[in-house]
$ cat structure-v6.pdb   # PDB, N, CA and C atoms and all ligand atoms
MODEL        1
ATOM      1  N   MET A1119       3.516  -7.208  11.819
ATOM      2  CA  MET A1119       4.144  -5.971  12.280
ATOM      3  C   MET A1119       3.578  -4.794  11.509
ATOM      4  N   THR A1120       3.201  -3.757  12.215
ATOM      5  CA  THR A1120       2.612  -2.585  11.577
ATOM      6  C   THR A1120       3.491  -1.373  11.842
ATOM      7  N   SER A1121       3.858  -0.665  10.793
ATOM      8  CA  SER A1121       4.639   0.541  10.955
ATOM      9  C   SER A1121       3.734   1.758  10.762
ATOM     10  N   THR A1122       4.182   2.888  11.256
ATOM     11  CA  THR A1122       3.375   4.099  11.172
ATOM     12  C   THR A1122       3.459   4.681   9.763
ATOM     13  N   PRO A1123       2.329   4.948   9.147
ATOM     14  CA  PRO A1123       2.352   5.539   7.803
ATOM     15  C   PRO A1123       3.065   6.886   7.812
ATOM     16  N   CYS A1124       3.770   7.201   6.730
ATOM     17  CA  CYS A1124       4.580   8.415   6.655
ATOM     18  C   CYS A1124       3.742   9.666   6.502
ATOM     19  N   CYS A1125       2.559   9.538   5.929
ATOM     20  CA  CYS A1125       1.746  10.725   5.690
ATOM     21  C   CYS A1125       0.269  10.348   5.666
ATOM     22  N   ALA A1126      -0.563  11.361   5.678
ATOM     23  CA  ALA A1126      -2.004  11.132   5.726
ATOM     24  C   ALA A1126      -2.497  10.399   4.484
ATOM     25  N   ARG A1127      -1.858  10.669   3.358
ATOM     26  CA  ARG A1127      -2.302  10.044   2.116
ATOM     27  C   ARG A1127      -2.062   8.529   2.138
ATOM     28  N   THR A1128      -0.921   8.137   2.673
ATOM     29  CA  THR A1128      -0.637   6.713   2.799
ATOM     30  C   THR A1128      -1.569   6.072   3.823
ATOM     31  N   ALA A1129      -1.776   6.757   4.938
ATOM     32  CA  ALA A1129      -2.674   6.229   5.961
ATOM     33  C   ALA A1129      -4.068   6.049   5.388
ATOM     34  N   GLU A1130      -4.499   7.028   4.614
ATOM     35  CA  GLU A1130      -5.832   6.966   4.019
ATOM     36  C   GLU A1130      -5.939   5.779   3.070
ATOM     37  N   ASP A1131      -4.884   5.552   2.288
ATOM     38  CA  ASP A1131      -4.928   4.436   1.350
ATOM     39  C   ASP A1131      -4.957   3.101   2.084
ATOM     40  N   LEU A1132      -4.128   2.989   3.120
ATOM     41  CA  LEU A1132      -4.065   1.731   3.876
ATOM     42  C   LEU A1132      -5.379   1.444   4.591
ATOM     43  N   ASN A1133      -6.083   2.512   4.965
ATOM     44  CA  ASN A1133      -7.321   2.335   5.728
ATOM     45  C   ASN A1133      -8.565   2.382   4.852
ATOM     46  N   ARG A1134      -8.367   2.561   3.550
ATOM     47  CA  ARG A1134      -9.506   2.667   2.653
ATOM     48  C   ARG A1134     -10.314   1.370   2.671
ATOM     49  N   VAL A1135     -11.598   1.528   2.813
ATOM     50  CA  VAL A1135     -12.497   0.386   2.725
ATOM     51  C   VAL A1135     -13.386   0.609   1.514
ATOM     52  N   CYS A1136     -13.277  -0.286   0.556
ATOM     53  CA  CYS A1136     -14.062  -0.165  -0.658
ATOM     54  C   CYS A1136     -15.337  -0.997  -0.518
ATOM     55  N   THR A1137     -16.438  -0.399  -0.906
ATOM     56  CA  THR A1137     -17.714  -1.100  -0.784
ATOM     57  C   THR A1137     -17.916  -2.100  -1.913
ATOM     58  N   ILE A1138     -17.122  -1.968  -2.958
ATOM     59  CA  ILE A1138     -17.278  -2.853  -4.116
ATOM     60  C   ILE A1138     -16.351  -4.059  -4.024
ATOM     61  N   HIS A1139     -15.105  -3.787  -3.608
ATOM     62  CA  HIS A1139     -14.103  -4.839  -3.563
ATOM     63  C   HIS A1139     -13.758  -5.176  -2.115
ATOM     64  N   ALA A1140     -14.193  -6.330  -1.668
ATOM     65  CA  ALA A1140     -13.942  -6.732  -0.278
ATOM     66  C   ALA A1140     -12.449  -6.919  -0.022
ATOM     67  N   ASP A1141     -11.744  -7.424  -1.024
ATOM     68  CA  ASP A1141     -10.305  -7.640  -0.909
ATOM     69  C   ASP A1141      -9.580  -6.461  -1.552
ATOM     70  N   ARG A1142      -8.696  -5.824  -0.791
ATOM     71  CA  ARG A1142      -7.975  -4.662  -1.331
ATOM     72  C   ARG A1142      -7.203  -4.989  -2.597
ATOM     73  N   SER A1143      -6.747  -6.214  -2.721
ATOM     74  CA  SER A1143      -5.964  -6.564  -3.904
ATOM     75  C   SER A1143      -6.835  -6.590  -5.168
ATOM     76  N   ASP A1144      -8.158  -6.571  -4.978
ATOM     77  CA  ASP A1144      -9.061  -6.531  -6.132
ATOM     78  C   ASP A1144      -9.458  -5.113  -6.499
ATOM     79  N   CYS A1145      -9.079  -4.158  -5.673
ATOM     80  CA  CYS A1145      -9.565  -2.790  -5.866
ATOM     81  C   CYS A1145      -8.525  -1.918  -6.549
ATOM     82  N   PRO A1146      -8.845  -1.404  -7.737
ATOM     83  CA  PRO A1146      -7.892  -0.561  -8.462
ATOM     84  C   PRO A1146      -7.584   0.751  -7.746
ATOM     85  N   ASP A1147      -8.406   1.127  -6.779
ATOM     86  CA  ASP A1147      -8.152   2.360  -6.046
ATOM     87  C   ASP A1147      -7.129   2.166  -4.934
ATOM     88  N   ALA A1148      -6.792   0.911  -4.630
ATOM     89  CA  ALA A1148      -5.827   0.642  -3.570
ATOM     90  C   ALA A1148      -4.424   0.631  -4.169
ATOM     91  N   PHE A1149      -3.552   1.456  -3.624
ATOM     92  CA  PHE A1149      -2.198   1.585  -4.185
ATOM     93  C   PHE A1149      -1.137   0.889  -3.353
ATOM     94  N   ILE A1150      -1.245   1.042  -2.050
ATOM     95  CA  ILE A1150      -0.162   0.632  -1.162
ATOM     96  C   ILE A1150      -0.571  -0.574  -0.320
ATOM     97  N   ALA A1151       0.345  -1.490  -0.172
ATOM     98  CA  ALA A1151       0.121  -2.631   0.708
ATOM     99  C   ALA A1151       1.274  -2.700   1.694
ATOM    100  N   GLU A1152       0.954  -3.019   2.932
ATOM    101  CA  GLU A1152       2.011  -3.268   3.899
ATOM    102  C   GLU A1152       2.448  -4.701   3.733
ATOM    103  N   MET A1153       3.734  -4.926   3.642
ATOM    104  CA  MET A1153       4.222  -6.276   3.466
ATOM    105  C   MET A1153       5.558  -6.469   4.164
ATOM    106  N   ASN A1154       5.591  -7.408   5.067
ATOM    107  CA  ASN A1154       6.818  -7.787   5.768
ATOM    108  C   ASN A1154       7.559  -6.602   6.367
ATOM    109  N   GLY A1155       6.817  -5.660   6.925
ATOM    110  CA  GLY A1155       7.462  -4.529   7.581
ATOM    111  C   GLY A1155       7.795  -3.382   6.637
ATOM    112  N   GLY A1156       7.614  -3.592   5.325
ATOM    113  CA  GLY A1156       7.855  -2.532   4.358
ATOM    114  C   GLY A1156       6.565  -2.201   3.636
ATOM    115  N   TYR A1157       6.719  -1.485   2.520
ATOM    116  CA  TYR A1157       5.540  -1.120   1.752
ATOM    117  C   TYR A1157       5.717  -1.536   0.294
ATOM    118  N   GLY A1158       4.593  -1.869  -0.313
ATOM    119  CA  GLY A1158       4.649  -2.248  -1.713
ATOM    120  C   GLY A1158       3.578  -1.531  -2.500
ATOM    121  N   LEU A1159       3.852  -1.351  -3.788
ATOM    122  CA  LEU A1159       2.869  -0.797  -4.705
ATOM    123  C   LEU A1159       2.099  -1.985  -5.276
ATOM    124  N   MET A1160       0.811  -1.981  -5.070
ATOM    125  CA  MET A1160       0.021  -3.136  -5.473
ATOM    126  C   MET A1160      -0.065  -3.247  -6.996
ATOM    127  N   VAL A1161       0.094  -4.461  -7.476
ATOM    128  CA  VAL A1161       0.033  -4.730  -8.912
ATOM    129  C   VAL A1161      -1.294  -5.423  -9.192
ATOM    130  N   HIS A1162      -2.148  -4.733  -9.915
ATOM    131  CA  HIS A1162      -3.498  -5.264 -10.139
ATOM    132  C   HIS A1162      -3.539  -6.103 -11.408
ATOM    133  N   ASP A1163      -2.917  -7.264 -11.323
ATOM    134  CA  ASP A1163      -2.852  -8.160 -12.469
ATOM    135  C   ASP A1163      -3.735  -9.382 -12.251
ATOM    136  N   GLY A1164      -4.651  -9.266 -11.307
ATOM    137  CA  GLY A1164      -5.533 -10.389 -11.017
ATOM    138  C   GLY A1164      -5.057 -11.204  -9.839
ATOM    139  N   GLY A1165      -3.819 -10.994  -9.440
ATOM    140  CA  GLY A1165      -3.293 -11.687  -8.277
ATOM    141  C   GLY A1165      -3.192 -10.723  -7.109
ATOM    142  N   SER A1166      -2.343 -11.028  -6.167
ATOM    143  CA  SER A1166      -2.206 -10.159  -5.001
ATOM    144  C   SER A1166      -0.759  -9.716  -4.836
ATOM    145  N   SER A1167      -0.035  -9.587  -5.953
ATOM    146  CA  SER A1167       1.371  -9.228  -5.860
ATOM    147  C   SER A1167       1.544  -7.728  -5.667
ATOM    148  N   ALA A1168       2.707  -7.348  -5.178
ATOM    149  CA  ALA A1168       3.041  -5.944  -4.989
ATOM    150  C   ALA A1168       4.540  -5.801  -5.187
ATOM    151  N   VAL A1169       4.930  -4.619  -5.662
ATOM    152  CA  VAL A1169       6.338  -4.336  -5.892
ATOM    153  C   VAL A1169       6.827  -3.449  -4.760
ATOM    154  N   GLU A1170       7.897  -3.862  -4.112
ATOM    155  CA  GLU A1170       8.396  -3.070  -2.994
ATOM    156  C   GLU A1170       8.808  -1.680  -3.458
ATOM    157  N   ILE A1171       8.433  -0.679  -2.667
ATOM    158  CA  ILE A1171       8.843   0.688  -2.970
ATOM    159  C   ILE A1171       9.654   1.223  -1.801
ATOM    160  N   ALA A1172      10.669   2.020  -2.113
ATOM    161  CA  ALA A1172      11.559   2.538  -1.078
ATOM    162  C   ALA A1172      11.144   3.928  -0.622
ATOM    163  N   PHE A1173      10.301   4.592  -1.447
ATOM    164  CA  PHE A1173       9.874   5.948  -1.114
ATOM    165  C   PHE A1173       8.382   6.084  -1.327
ATOM    166  N   CYS A1174       7.782   6.918  -0.510
ATOM    167  CA  CYS A1174       6.346   7.153  -0.625
ATOM    168  C   CYS A1174       6.052   7.902  -1.922
ATOM    169  N   PRO A1175       5.074   7.418  -2.723
ATOM    170  CA  PRO A1175       4.751   8.102  -3.978
ATOM    171  C   PRO A1175       4.108   9.462  -3.773
ATOM    172  N   TRP A1176       3.621   9.741  -2.570
ATOM    173  CA  TRP A1176       2.940  11.013  -2.334
ATOM    174  C   TRP A1176       3.827  12.032  -1.654
ATOM    175  N   CYS A1177       4.503  11.643  -0.572
ATOM    176  CA  CYS A1177       5.272  12.645   0.179
ATOM    177  C   CYS A1177       6.778  12.469  -0.011
ATOM    178  N   GLY A1178       7.193  11.361  -0.612
ATOM    179  CA  GLY A1178       8.608  11.161  -0.903
ATOM    180  C   GLY A1178       9.430  10.687   0.277
ATOM    181  N   ALA A1179       8.782  10.405   1.384
ATOM    182  CA  ALA A1179       9.516   9.930   2.555
ATOM    183  C   ALA A1179      10.126   8.555   2.292
ATOM    184  N   GLY A1180      11.292   8.323   2.863
ATOM    185  CA  GLY A1180      11.897   6.995   2.781
ATOM    186  C   GLY A1180      11.066   6.027   3.588
ATOM    187  N   LEU A1181      10.828   4.866   3.029
ATOM    188  CA  LEU A1181       9.998   3.877   3.703
ATOM    189  C   LEU A1181      10.880   2.755   4.248
ATOM    190  N   PRO A1182      10.437   2.110   5.312
ATOM    191  CA  PRO A1182      11.215   1.002   5.856
ATOM    192  C   PRO A1182      11.298  -0.135   4.843
ATOM    193  N   SER A1183      12.439  -0.786   4.779
ATOM    194  CA  SER A1183      12.556  -1.899   3.852
ATOM    195  C   SER A1183      11.984  -3.157   4.475
ATOM    196  N   MET A1184      11.621  -4.071   3.614
ATOM    197  CA  MET A1184      11.023  -5.317   4.088
ATOM    198  C   MET A1184      12.021  -6.151   4.863
ATOM    199  N   ASP A1185      11.496  -6.898   5.822
ATOM    200  CA  ASP A1185      12.325  -7.898   6.491
ATOM    201  C   ASP A1185      12.561  -9.028   5.502
ATOM    202  N   GLN A1186      13.795  -9.348   5.289
ATOM    203  CA  GLN A1186      14.087 -10.394   4.311
ATOM    204  C   GLN A1186      13.984 -11.766   4.943
TER     205      GLN A1186
HETATM  206 ZN    ZN A1201       4.017   9.479   2.540
HETATM  207 ZN    ZN A1202     -12.761  -0.871  -5.128
ENDMDL
END

$ encode --input "structure-v6.pdb" --output "structure tokens"
Amino acid sequence: MTSTPCCARTAEDLNRVCTIHADRSDCPDAFIAEMNGGYGLMVHDGGSSAVEIAFCPWCGAGLPSMDQ
């Protein structure tokens, strides 16, 4: 399921294609991940985890919560 990004900055991050890191979870420039209908802040600890966020870090819009 894909939801509409709240702002251009989020859309840009979600659509960013890095030439160095094929997997977004490996790229320190990637901040946001779509997960289960919500959004998460990617945690670059070597894995692919992300912490759910309720508000956009750029525009402050409320984000949809994940499907539990
Ligand atoms: Zn936003
Ligand atoms: Zn990268």

$ residues_around --input "structure-v6.pdb" --residues "Trp1176 in chain A" --least-positions-apart "3" --cutoff "8 Å" --atoms "only N, CA and C atoms" --output "JSON, numbers by chain"
{"A": [1125, 1127, 1128, 1173, 1179]}

$ closest_residue --input "structure-v6.pdb" --among "A:Val1135, A:Ile1150, A:Cys1145, A:Val1169" --to "ligand ZN 1202 (chain A)" --atoms "only N, CA and C atoms and all ligand atoms"
A:Cys1145

$ select_by_dssp --input "structure-v6.pdb" --residues "chain A" --states "alpha helix (DSSP H)" --output "VMD selection string"
chain A and resid 1126 to 1133

$ residues_near_ligand --input "structure-v6.pdb" --ligand "ligand ZN 1202 (chain A)" --cutoff "6.5 Å" --atoms "only N, CA and C atoms and all ligand atoms" --output "PyMOL selection string"
chain A and resi 1136-1139+1144-1148

$ residues_near_ligand --input "structure-v6.pdb" --ligand "ligand ZN 1201 (chain A)" --cutoff "12 Å" --atoms "only C-alpha atoms and all ligand atoms" --output "PyMOL selection string"
chain A and resi 1122-1132+1150+1157+1171-1182

$ write_last_selection --input "structure-v6.pdb" --atoms "N, CA and C atoms" --output "PDB file, in the coordinates of the input"
ATOM      1  N   THR A1122       4.182   2.888  11.256  1.00  0.00           N
ATOM      2  CA  THR A1122       3.375   4.099  11.172  1.00  0.00           C
ATOM      3  C   THR A1122       3.459   4.681   9.763  1.00  0.00           C
ATOM      4  N   PRO A1123       2.329   4.948   9.147  1.00  0.00           N
ATOM      5  CA  PRO A1123       2.352   5.539   7.803  1.00  0.00           C
ATOM      6  C   PRO A1123       3.065   6.886   7.812  1.00  0.00           C
ATOM      7  N   CYS A1124       3.770   7.201   6.730  1.00  0.00           N
ATOM      8  CA  CYS A1124       4.580   8.415   6.655  1.00  0.00           C
ATOM      9  C   CYS A1124       3.742   9.666   6.502  1.00  0.00           C
ATOM     10  N   CYS A1125       2.559   9.538   5.929  1.00  0.00           N
ATOM     11  CA  CYS A1125       1.746  10.725   5.690  1.00  0.00           C
ATOM     12  C   CYS A1125       0.269  10.348   5.666  1.00  0.00           C
ATOM     13  N   ALA A1126      -0.563  11.361   5.678  1.00  0.00           N
ATOM     14  CA  ALA A1126      -2.004  11.132   5.726  1.00  0.00           C
ATOM     15  C   ALA A1126      -2.497  10.399   4.484  1.00  0.00           C
ATOM     16  N   ARG A1127      -1.858  10.669   3.358  1.00  0.00           N
ATOM     17  CA  ARG A1127      -2.302  10.044   2.116  1.00  0.00           C
ATOM     18  C   ARG A1127      -2.062   8.529   2.138  1.00  0.00           C
ATOM     19  N   THR A1128      -0.921   8.137   2.673  1.00  0.00           N
ATOM     20  CA  THR A1128      -0.637   6.713   2.799  1.00  0.00           C
ATOM     21  C   THR A1128      -1.569   6.072   3.823  1.00  0.00           C
ATOM     22  N   ALA A1129      -1.776   6.757   4.938  1.00  0.00           N
ATOM     23  CA  ALA A1129      -2.674   6.229   5.961  1.00  0.00           C
ATOM     24  C   ALA A1129      -4.068   6.049   5.388  1.00  0.00           C
ATOM     25  N   GLU A1130      -4.499   7.028   4.614  1.00  0.00           N
ATOM     26  CA  GLU A1130      -5.832   6.966   4.019  1.00  0.00           C
ATOM     27  C   GLU A1130      -5.939   5.779   3.070  1.00  0.00           C
ATOM     28  N   ASP A1131      -4.884   5.552   2.288  1.00  0.00           N
ATOM     29  CA  ASP A1131      -4.928   4.436   1.350  1.00  0.00           C
ATOM     30  C   ASP A1131      -4.957   3.101   2.084  1.00  0.00           C
ATOM     31  N   LEU A1132      -4.128   2.989   3.120  1.00  0.00           N
ATOM     32  CA  LEU A1132      -4.065   1.731   3.876  1.00  0.00           C
ATOM     33  C   LEU A1132      -5.379   1.444   4.591  1.00  0.00           C
ATOM     34  N   ILE A1150      -1.245   1.042  -2.050  1.00  0.00           N
ATOM     35  CA  ILE A1150      -0.162   0.632  -1.162  1.00  0.00           C
ATOM     36  C   ILE A1150      -0.571  -0.574  -0.320  1.00  0.00           C
ATOM     37  N   TYR A1157       6.719  -1.485   2.520  1.00  0.00           N
ATOM     38  CA  TYR A1157       5.540  -1.120   1.752  1.00  0.00           C
ATOM     39  C   TYR A1157       5.717  -1.536   0.294  1.00  0.00           C
ATOM     40  N   ILE A1171       8.433  -0.679  -2.667  1.00  0.00           N
ATOM     41  CA  ILE A1171       8.843   0.688  -2.970  1.00  0.00           C
ATOM     42  C   ILE A1171       9.654   1.223  -1.801  1.00  0.00           C
ATOM     43  N   ALA A1172      10.669   2.020  -2.113  1.00  0.00           N
ATOM     44  CA  ALA A1172      11.559   2.538  -1.078  1.00  0.00           C
ATOM     45  C   ALA A1172      11.144   3.928  -0.622  1.00  0.00           C
ATOM     46  N   PHE A1173      10.301   4.592  -1.447  1.00  0.00           N
ATOM     47  CA  PHE A1173       9.874   5.948  -1.114  1.00  0.00           C
ATOM     48  C   PHE A1173       8.382   6.084  -1.327  1.00  0.00           C
ATOM     49  N   CYS A1174       7.782   6.918  -0.510  1.00  0.00           N
ATOM     50  CA  CYS A1174       6.346   7.153  -0.625  1.00  0.00           C
ATOM     51  C   CYS A1174       6.052   7.902  -1.922  1.00  0.00           C
ATOM     52  N   PRO A1175       5.074   7.418  -2.723  1.00  0.00           N
ATOM     53  CA  PRO A1175       4.751   8.102  -3.978  1.00  0.00           C
ATOM     54  C   PRO A1175       4.108   9.462  -3.773  1.00  0.00           C
ATOM     55  N   TRP A1176       3.621   9.741  -2.570  1.00  0.00           N
ATOM     56  CA  TRP A1176       2.940  11.013  -2.334  1.00  0.00           C
ATOM     57  C   TRP A1176       3.827  12.032  -1.654  1.00  0.00           C
ATOM     58  N   CYS A1177       4.503  11.643  -0.572  1.00  0.00           N
ATOM     59  CA  CYS A1177       5.272  12.645   0.179  1.00  0.00           C
ATOM     60  C   CYS A1177       6.778  12.469  -0.011  1.00  0.00           C
ATOM     61  N   GLY A1178       7.193  11.361  -0.612  1.00  0.00           N
ATOM     62  CA  GLY A1178       8.608  11.161  -0.903  1.00  0.00           C
ATOM     63  C   GLY A1178       9.430  10.687   0.277  1.00  0.00           C
ATOM     64  N   ALA A1179       8.782  10.405   1.384  1.00  0.00           N
ATOM     65  CA  ALA A1179       9.516   9.930   2.555  1.00  0.00           C
ATOM     66  C   ALA A1179      10.126   8.555   2.292  1.00  0.00           C
ATOM     67  N   GLY A1180      11.292   8.323   2.863  1.00  0.00           N
ATOM     68  CA  GLY A1180      11.897   6.995   2.781  1.00  0.00           C
ATOM     69  C   GLY A1180      11.066   6.027   3.588  1.00  0.00           C
ATOM     70  N   LEU A1181      10.828   4.866   3.029  1.00  0.00           N
ATOM     71  CA  LEU A1181       9.998   3.877   3.703  1.00  0.00           C
ATOM     72  C   LEU A1181      10.880   2.755   4.248  1.00  0.00           C
ATOM     73  N   PRO A1182      10.437   2.110   5.312  1.00  0.00           N
ATOM     74  CA  PRO A1182      11.215   1.002   5.856  1.00  0.00           C
ATOM     75  C   PRO A1182      11.298  -0.135   4.843  1.00  0.00           C
TER      76      PRO A1182
END

$ select_by_dssp --input "structure-v6.pdb" --residues "chain A" --states "strand (DSSP E or B)" --output "compact mmCIF listing (two decimals) with N, CA and C atoms, in the coordinates of the input"
# COMPACT_ATOMS: atom_id res chain seq x y z
N ILE A 1150 -1.25 1.04 -2.05
CA ILE A 1150 -0.16 0.63 -1.16
C ILE A 1150 -0.57 -0.57 -0.32
N ALA A 1151 0.34 -1.49 -0.17
CA ALA A 1151 0.12 -2.63 0.71
C ALA A 1151 1.27 -2.70 1.69
N GLU A 1152 0.95 -3.02 2.93
CA GLU A 1152 2.01 -3.27 3.90
C GLU A 1152 2.45 -4.70 3.73
N MET A 1153 3.73 -4.93 3.64
CA MET A 1153 4.22 -6.28 3.47
C MET A 1153 5.56 -6.47 4.16
N GLY A 1156 7.61 -3.59 5.32
CA GLY A 1156 7.86 -2.53 4.36
C GLY A 1156 6.56 -2.20 3.64
N TYR A 1157 6.72 -1.48 2.52
CA TYR A 1157 5.54 -1.12 1.75
C TYR A 1157 5.72 -1.54 0.29
N GLY A 1158 4.59 -1.87 -0.31
CA GLY A 1158 4.65 -2.25 -1.71
C GLY A 1158 3.58 -1.53 -2.50
N LEU A 1159 3.85 -1.35 -3.79
CA LEU A 1159 2.87 -0.80 -4.70
C LEU A 1159 2.10 -1.98 -5.28
N MET A 1160 0.81 -1.98 -5.07
CA MET A 1160 0.02 -3.14 -5.47
C MET A 1160 -0.06 -3.25 -7.00
N ALA A 1168 2.71 -7.35 -5.18
CA ALA A 1168 3.04 -5.94 -4.99
C ALA A 1168 4.54 -5.80 -5.19
N VAL A 1169 4.93 -4.62 -5.66
CA VAL A 1169 6.34 -4.34 -5.89
C VAL A 1169 6.83 -3.45 -4.76
N GLU A 1170 7.90 -3.86 -4.11
CA GLU A 1170 8.40 -3.07 -2.99
C GLU A 1170 8.81 -1.68 -3.46
N ILE A 1171 8.43 -0.68 -2.67
CA ILE A 1171 8.84 0.69 -2.97
C ILE A 1171 9.65 1.22 -1.80
N PHE A 1173 10.30 4.59 -1.45
CA PHE A 1173 9.87 5.95 -1.11
C PHE A 1173 8.38 6.08 -1.33
N GLY A 1180 11.29 8.32 2.86
CA GLY A 1180 11.90 7.00 2.78
C GLY A 1180 11.07 6.03 3.59

$ atom_distance --input "structure-v6.pdb" --atom1 "CA of Gln1186 in chain A" --atom2 "atom C of Ala1151 in chain A"
15.2 Å

$ closest_residue --input "structure-v6.pdb" --among "A:Asp1141, A:Gly1155, A:Met1160, A:Glu1170" --to "Ser1183 in chain A" --atoms "only N, CA and C atoms"
A:Gly1155

$ atom_distance --input "structure-v6.pdb" --atom1 "atom C of Asn1133 in chain A" --atom2 "CA of Glu1152 in chain A"
12.0 Å

$ atom_distance --input "structure-v6.pdb" --atom1 "atom C of Gly1158 in chain A" --atom2 "CA of Asp1185 in chain A"
14.1 Å
